[in-house]
Amino acid sequence: MADSKGIAVSSYFAEDLARLYEQSPLHVVLYDPQDMVRYANPSHCIDFAMARDVPISWSDMMRHSYANKVGAAIQTDDIEAWLISAKARRGKLPFRCFEADLRSGQWMYITETMDEQGWMLSVGFDITALRTNDRSLRQARDGALRAAQVDALTGVSSRAHVLEQLDLRLNQLRGNQQPCGLVLLDLDYFKKINDTYGHNAGDEVLQRFARLVVSSLGRNDGFGRIGGEEFLLLFPQATPAEMEAKVQAILELVRESSPLPEVPRFHHTCSAGLTMLDPALSSIENMRNADRALYAAKAAGRDRLMWA
């Protein structure tokens with residue numbers, strides 16, 4: 001009886017919760033681990049001009065918002081660069097909050113809560129009427145935070161931000177036995193690219209490389225530039241086989257890319273050092289393991305991956 005009563009109560013609670021979400025002026029959106037919208041309440045769908053019965057990813061929802069001048073008031077001349085910057089911060093922590101403008105004129109306070117399986121609940125509150133005098137100060141604060149978290153050249157996570165994510169994943173491994181893979185990526189012969197085509201071309205190669213890698217990652221994967229032409233990847237809850245397959249796919253994408261439109265015959269490669277995080281080691285020690293594997297990949301001829 002207790003079990004059946006508990007199930008009944010849970011069922012009623014779920015029905016009431018769903019009904020309240022449907023009636024609420026809040027923006028309530030549930031995303032699955034692949035960042036697909038699995039539920040969006042009417043308030044959100046109306047402001048974003050979304051059809052409720054058509055599957056859509058967060059990225060495509062933002063592209064739709066930008067192209068049709070609905071939903072989020074995205075201030076950019078390059079939506080793809082904006083998405084890379086946003087993804088550098090999105091889904092990297094169990095909880096975060098931020099403020100955002102809507103095209104409707106609403107000023108929203110948005111919270112994002114993630115569970116251990118990668119599901120995310122986003123709830124947006126209209127705070128247009130609250131303490132507007134402090135808005136410019138908060139916007140300046142949020143802008144400074146974004147600048148600290150994002151690499152200025154490539155738009156991916158900055159060194160400090162991706163190392164913060166590394167510490168988080170290591171603590172999750174120690175506390176909840178959640179595995180995580182660590183990869184160091186390094187562009188091959190990058191100095192030669194700068195010397196041959198100039199530093200502006202080198203910057204363009206780095207930018208296009210970052211976009212290429214981001215296009216192959218999931219929302220919870222971490223990716224940041226840690227210096228020069230070296231990048232760090234984090235694959236939470238991935239098995240070694242899954243991680244190796246993802247990195248091999250990245251190497252192939254880079255190999256086939258032509259990142260300099262003015263030099264269509266130019267191609268380049270990258271090398272990768274892989275390791276699974278070891279809870280007995282510090283973040284720096286885990287990175288050293290990946291770095292030794294990267295060095296071995298370089299020594300073996302580059303354009304390949306090696307395990308620690």
# chains A, B, ... in the order shown; residues from 1 in each chain; ligands from 1

$ select_by_dssp --residues "segment 138-294 of chain A" --states "helix (DSSP H, G or I)" --output "MDAnalysis selection string"
chainID A and resid 138:149 159:176 190:197 199:215 240:256 283:294

$ closest_atom_pairs --of "segment 71-169 of chain A" --to "segment 233-242 of chain A" --cutoff "10 Å" --atoms "only C-alpha atoms" --output "JSON lines"
{"residue": "A:Glu116", "atom": "CA", "partner": "A:Gln237", "partner_atom": "CA", "distance": 9.3}
{"residue": "A:Gln117", "atom": "CA", "partner": "A:Gln237", "partner_atom": "CA", "distance": 8.6}
{"residue": "A:Gly118", "atom": "CA", "partner": "A:Pro236", "partner_atom": "CA", "distance": 9.6}
{"residue": "A:Val162", "atom": "CA", "partner": "A:Leu233", "partner_atom": "CA", "distance": 8.4}
{"residue": "A:Leu163", "atom": "CA", "partner": "A:Leu234", "partner_atom": "CA", "distance": 9.9}
{"residue": "A:Gln165", "atom": "CA", "partner": "A:Leu234", "partner_atom": "CA", "distance": 8.2}
{"residue": "A:Leu166", "atom": "CA", "partner": "A:Leu234", "partner_atom": "CA", "distance": 7.3}
{"residue": "A:Arg169", "atom": "CA", "partner": "A:Pro236", "partner_atom": "CA", "distance": 7.1}

$ write_last_selection --atoms "N, CA and C atoms" --output "CSV table (one decimal), in the first residue's frame"
chain,number,residue,atom,x,y,z
A,116,GLU,N,23.8,14.7,-13.1
A,116,GLU,CA,25.1,13.9,-13.4
A,116,GLU,C,25.0,13.2,-14.8
A,117,GLN,N,23.8,13.0,-15.3
A,117,GLN,CA,23.7,12.4,-16.6
A,117,GLN,C,23.7,13.4,-17.8
A,118,GLY,N,23.8,14.7,-17.5
A,118,GLY,CA,23.9,15.7,-18.5
A,118,GLY,C,22.6,16.4,-18.9
A,162,VAL,N,39.1,26.5,-18.5
A,162,VAL,CA,39.2,25.0,-18.8
A,162,VAL,C,39.9,24.3,-17.7
A,163,LEU,N,40.9,24.9,-17.0
A,163,LEU,CA,41.5,24.3,-15.9
A,163,LEU,C,40.6,24.2,-14.7
A,165,GLN,N,37.4,23.7,-15.0
A,165,GLN,CA,36.6,22.5,-15.4
A,165,GLN,C,37.3,21.2,-15.1
A,166,LEU,N,38.6,21.2,-15.3
A,166,LEU,CA,39.4,20.0,-15.0
A,166,LEU,C,39.4,19.7,-13.5
A,169,ARG,N,35.9,18.2,-12.8
A,169,ARG,CA,35.8,16.8,-13.2
A,169,ARG,C,36.6,15.8,-12.3

$ closest_residue --among "A:Ala308, A:Leu168, A:Leu260, A:Ala201" --to "Pro279 of chain A" --atoms "only C-alpha atoms"
A:Leu168

$ residues_around --residues "Phe223 of chain A" --least-positions-apart "2" --cutoff "9 Å" --atoms "only C-alpha atoms" --output "PyMOL selection string"
chain A and resi 88+156-158+162+210+213-214+217+221+225+231-234

$ residues_around --residues "Glu244 of chain A" --least-positions-apart "6" --cutoff "10 Å" --atoms "only C-alpha atoms" --output "VMD selection string"
chain A and resid 181 183 238 250 272 274 to 275 305 to 307

$ write_last_selection --atoms "all heavy atoms" --output "PDB file, in the first residue's frame"
ATOM      1  N   GLY A 181      37.893  11.713 -19.480  1.00  0.00           N
ATOM      2  CA  GLY A 181      39.101  11.660 -20.286  1.00  0.00           C
ATOM      3  C   GLY A 181      39.704  13.033 -20.474  1.00  0.00           C
ATOM      4  O   GLY A 181      38.989  14.042 -20.529  1.00  0.00           O
ATOM      5  N   VAL A 183      42.545  15.211 -22.870  1.00  0.00           N
ATOM      6  CA  VAL A 183      43.291  15.203 -24.128  1.00  0.00           C
ATOM      7  C   VAL A 183      44.022  16.532 -24.280  1.00  0.00           C
ATOM      8  O   VAL A 183      43.433  17.597 -24.056  1.00  0.00           O
ATOM      9  CB  VAL A 183      42.349  15.005 -25.338  1.00  0.00           C
ATOM     10  CG1 VAL A 183      43.166  14.936 -26.631  1.00  0.00           C
ATOM     11  CG2 VAL A 183      41.497  13.763 -25.174  1.00  0.00           C
ATOM     12  N   ALA A 238      33.054   9.491 -20.523  1.00  0.00           N
ATOM     13  CA  ALA A 238      33.372   8.751 -21.742  1.00  0.00           C
ATOM     14  C   ALA A 238      34.283   7.571 -21.409  1.00  0.00           C
ATOM     15  O   ALA A 238      35.142   7.666 -20.530  1.00  0.00           O
ATOM     16  CB  ALA A 238      34.059   9.672 -22.747  1.00  0.00           C
ATOM     17  N   ILE A 250      38.255  13.988 -34.775  1.00  0.00           N
ATOM     18  CA  ILE A 250      38.776  15.352 -34.809  1.00  0.00           C
ATOM     19  C   ILE A 250      40.029  15.429 -35.691  1.00  0.00           C
ATOM     20  O   ILE A 250      40.174  16.331 -36.519  1.00  0.00           O
ATOM     21  CB  ILE A 250      39.085  15.849 -33.388  1.00  0.00           C
ATOM     22  CG1 ILE A 250      37.780  16.081 -32.612  1.00  0.00           C
ATOM     23  CG2 ILE A 250      39.925  17.122 -33.415  1.00  0.00           C
ATOM     24  CD1 ILE A 250      37.976  16.363 -31.141  1.00  0.00           C
ATOM     25  N   ALA A 272      47.711  14.451 -30.695  1.00  0.00           N
ATOM     26  CA  ALA A 272      46.930  14.386 -29.459  1.00  0.00           C
ATOM     27  C   ALA A 272      47.548  13.406 -28.469  1.00  0.00           C
ATOM     28  O   ALA A 272      48.010  12.328 -28.846  1.00  0.00           O
ATOM     29  CB  ALA A 272      45.490  13.960 -29.758  1.00  0.00           C
ATOM     30  N   LEU A 274      46.450  11.419 -24.929  1.00  0.00           N
ATOM     31  CA  LEU A 274      45.237  11.039 -24.212  1.00  0.00           C
ATOM     32  C   LEU A 274      45.556  10.357 -22.889  1.00  0.00           C
ATOM     33  O   LEU A 274      46.530   9.598 -22.788  1.00  0.00           O
ATOM     34  CB  LEU A 274      44.383  10.062 -25.045  1.00  0.00           C
ATOM     35  CG  LEU A 274      43.599  10.579 -26.249  1.00  0.00           C
ATOM     36  CD1 LEU A 274      44.524  11.090 -27.343  1.00  0.00           C
ATOM     37  CD2 LEU A 274      42.698   9.471 -26.803  1.00  0.00           C
ATOM     38  N   THR A 275      44.700  10.611 -21.911  1.00  0.00           N
ATOM     39  CA  THR A 275      44.759   9.883 -20.643  1.00  0.00           C
ATOM     40  C   THR A 275      43.395   9.929 -19.986  1.00  0.00           C
ATOM     41  O   THR A 275      42.612  10.854 -20.233  1.00  0.00           O
ATOM     42  CB  THR A 275      45.826  10.488 -19.704  1.00  0.00           C
ATOM     43  OG1 THR A 275      45.993   9.642 -18.560  1.00  0.00           O
ATOM     44  CG2 THR A 275      45.422  11.870 -19.217  1.00  0.00           C
ATOM     45  N   LEU A 305      47.313  10.121 -32.531  1.00  0.00           N
ATOM     46  CA  LEU A 305      47.077  10.182 -31.082  1.00  0.00           C
ATOM     47  C   LEU A 305      47.888   9.093 -30.404  1.00  0.00           C
ATOM     48  O   LEU A 305      48.188   8.062 -30.987  1.00  0.00           O
ATOM     49  CB  LEU A 305      45.588  10.047 -30.749  1.00  0.00           C
ATOM     50  CG  LEU A 305      44.850   8.732 -31.081  1.00  0.00           C
ATOM     51  CD1 LEU A 305      45.061   7.649 -30.013  1.00  0.00           C
ATOM     52  CD2 LEU A 305      43.367   8.994 -31.222  1.00  0.00           C
ATOM     53  N   MET A 306      48.246   9.363 -29.158  1.00  0.00           N
ATOM     54  CA  MET A 306      48.933   8.383 -28.330  1.00  0.00           C
ATOM     55  C   MET A 306      48.340   8.438 -26.925  1.00  0.00           C
ATOM     56  O   MET A 306      47.974   9.512 -26.443  1.00  0.00           O
ATOM     57  CB  MET A 306      50.433   8.674 -28.259  1.00  0.00           C
ATOM     58  CG  MET A 306      51.160   8.567 -29.599  1.00  0.00           C
ATOM     59  SD  MET A 306      51.392   6.857 -30.153  1.00  0.00           S
ATOM     60  CE  MET A 306      52.778   6.375 -29.133  1.00  0.00           C
ATOM     61  N   TRP A 307      48.285   7.266 -26.283  1.00  0.00           N
ATOM     62  CA  TRP A 307      47.803   7.185 -24.906  1.00  0.00           C
ATOM     63  C   TRP A 307      48.963   7.296 -23.929  1.00  0.00           C
ATOM     64  O   TRP A 307      50.086   6.865 -24.217  1.00  0.00           O
ATOM     65  CB  TRP A 307      47.093   5.860 -24.668  1.00  0.00           C
ATOM     66  CG  TRP A 307      45.690   5.822 -25.184  1.00  0.00           C
ATOM     67  CD1 TRP A 307      45.260   5.417 -26.418  1.00  0.00           C
ATOM     68  CD2 TRP A 307      44.518   6.236 -24.478  1.00  0.00           C
ATOM     69  NE1 TRP A 307      43.901   5.548 -26.508  1.00  0.00           N
ATOM     70  CE2 TRP A 307      43.404   6.037 -25.340  1.00  0.00           C
ATOM     71  CE3 TRP A 307      44.296   6.731 -23.195  1.00  0.00           C
ATOM     72  CZ2 TRP A 307      42.101   6.334 -24.963  1.00  0.00           C
ATOM     73  CZ3 TRP A 307      42.992   7.032 -22.816  1.00  0.00           C
ATOM     74  CH2 TRP A 307      41.914   6.827 -23.692  1.00  0.00           C
TER      75      TRP A 307
END

$ residues_around --residues "Val70 of chain A" --least-positions-apart "6" --cutoff "7 Å" --atoms "only C-alpha atoms" --output "tab-separated table (two decimals) with all heavy atoms, in the first residue's frame"
chain	number	residue	atom	x	y	z
A	47	ASP	N	7.87	33.53	-26.96
A	47	ASP	CA	8.90	34.55	-27.10
A	47	ASP	C	9.95	34.16	-28.14
A	47	ASP	O	10.54	35.04	-28.78
A	47	ASP	CB	9.58	34.82	-25.76
A	47	ASP	CG	8.76	35.75	-24.87
A	47	ASP	OD1	8.00	36.58	-25.42
A	47	ASP	OD2	8.86	35.65	-23.63
A	48	PHE	N	10.21	32.86	-28.29
A	48	PHE	CA	11.21	32.40	-29.25
A	48	PHE	C	10.61	31.96	-30.58
A	48	PHE	O	11.32	31.47	-31.46
A	48	PHE	CB	12.04	31.27	-28.65
A	48	PHE	CG	13.14	31.74	-27.73
A	48	PHE	CD1	12.84	32.21	-26.46
A	48	PHE	CD2	14.46	31.75	-28.14
A	48	PHE	CE1	13.83	32.66	-25.61
A	48	PHE	CE2	15.47	32.20	-27.31
A	48	PHE	CZ	15.15	32.67	-26.03
A	49	ALA	N	9.28	32.13	-30.74
A	49	ALA	CA	8.59	31.75	-31.98
A	49	ALA	C	8.92	30.32	-32.38
A	49	ALA	O	9.27	30.03	-33.52
A	49	ALA	CB	8.94	32.73	-33.10
A	103	ARG	N	14.30	40.02	-27.24
A	103	ARG	CA	13.85	40.97	-28.25
A	103	ARG	C	12.55	41.66	-27.84
A	103	ARG	O	12.26	42.77	-28.29
A	103	ARG	CB	13.62	40.23	-29.57
A	103	ARG	CG	14.90	39.76	-30.24
A	103	ARG	CD	15.56	40.88	-31.00
A	103	ARG	NE	16.72	40.39	-31.75
A	103	ARG	CZ	17.45	41.15	-32.55
A	103	ARG	NH1	17.14	42.44	-32.70
A	103	ARG	NH2	18.48	40.66	-33.19

$ closest_residue --among "A:His27, A:Arg304, A:Arg38, A:Arg52" --to "Gly71 of chain A" --atoms "only C-alpha atoms"
A:His27

$ select_by_dssp --residues "segment 170-278 of chain A" --states "strand (DSSP E or B)" --output "ChimeraX atom specification"
/A:180-187,222-227,230-236,270-276

$ closest_residue --among "A:Val37, A:Ala73, A:Ala160, A:Leu26" --to "Asp126 of chain A" --atoms "only C-alpha atoms"
A:Leu26

$ closest_residue --among "A:Leu187, A:Met61, A:Ile284, A:Leu83" --to "Arg211 of chain A" --atoms "only C-alpha atoms"
A:Leu83
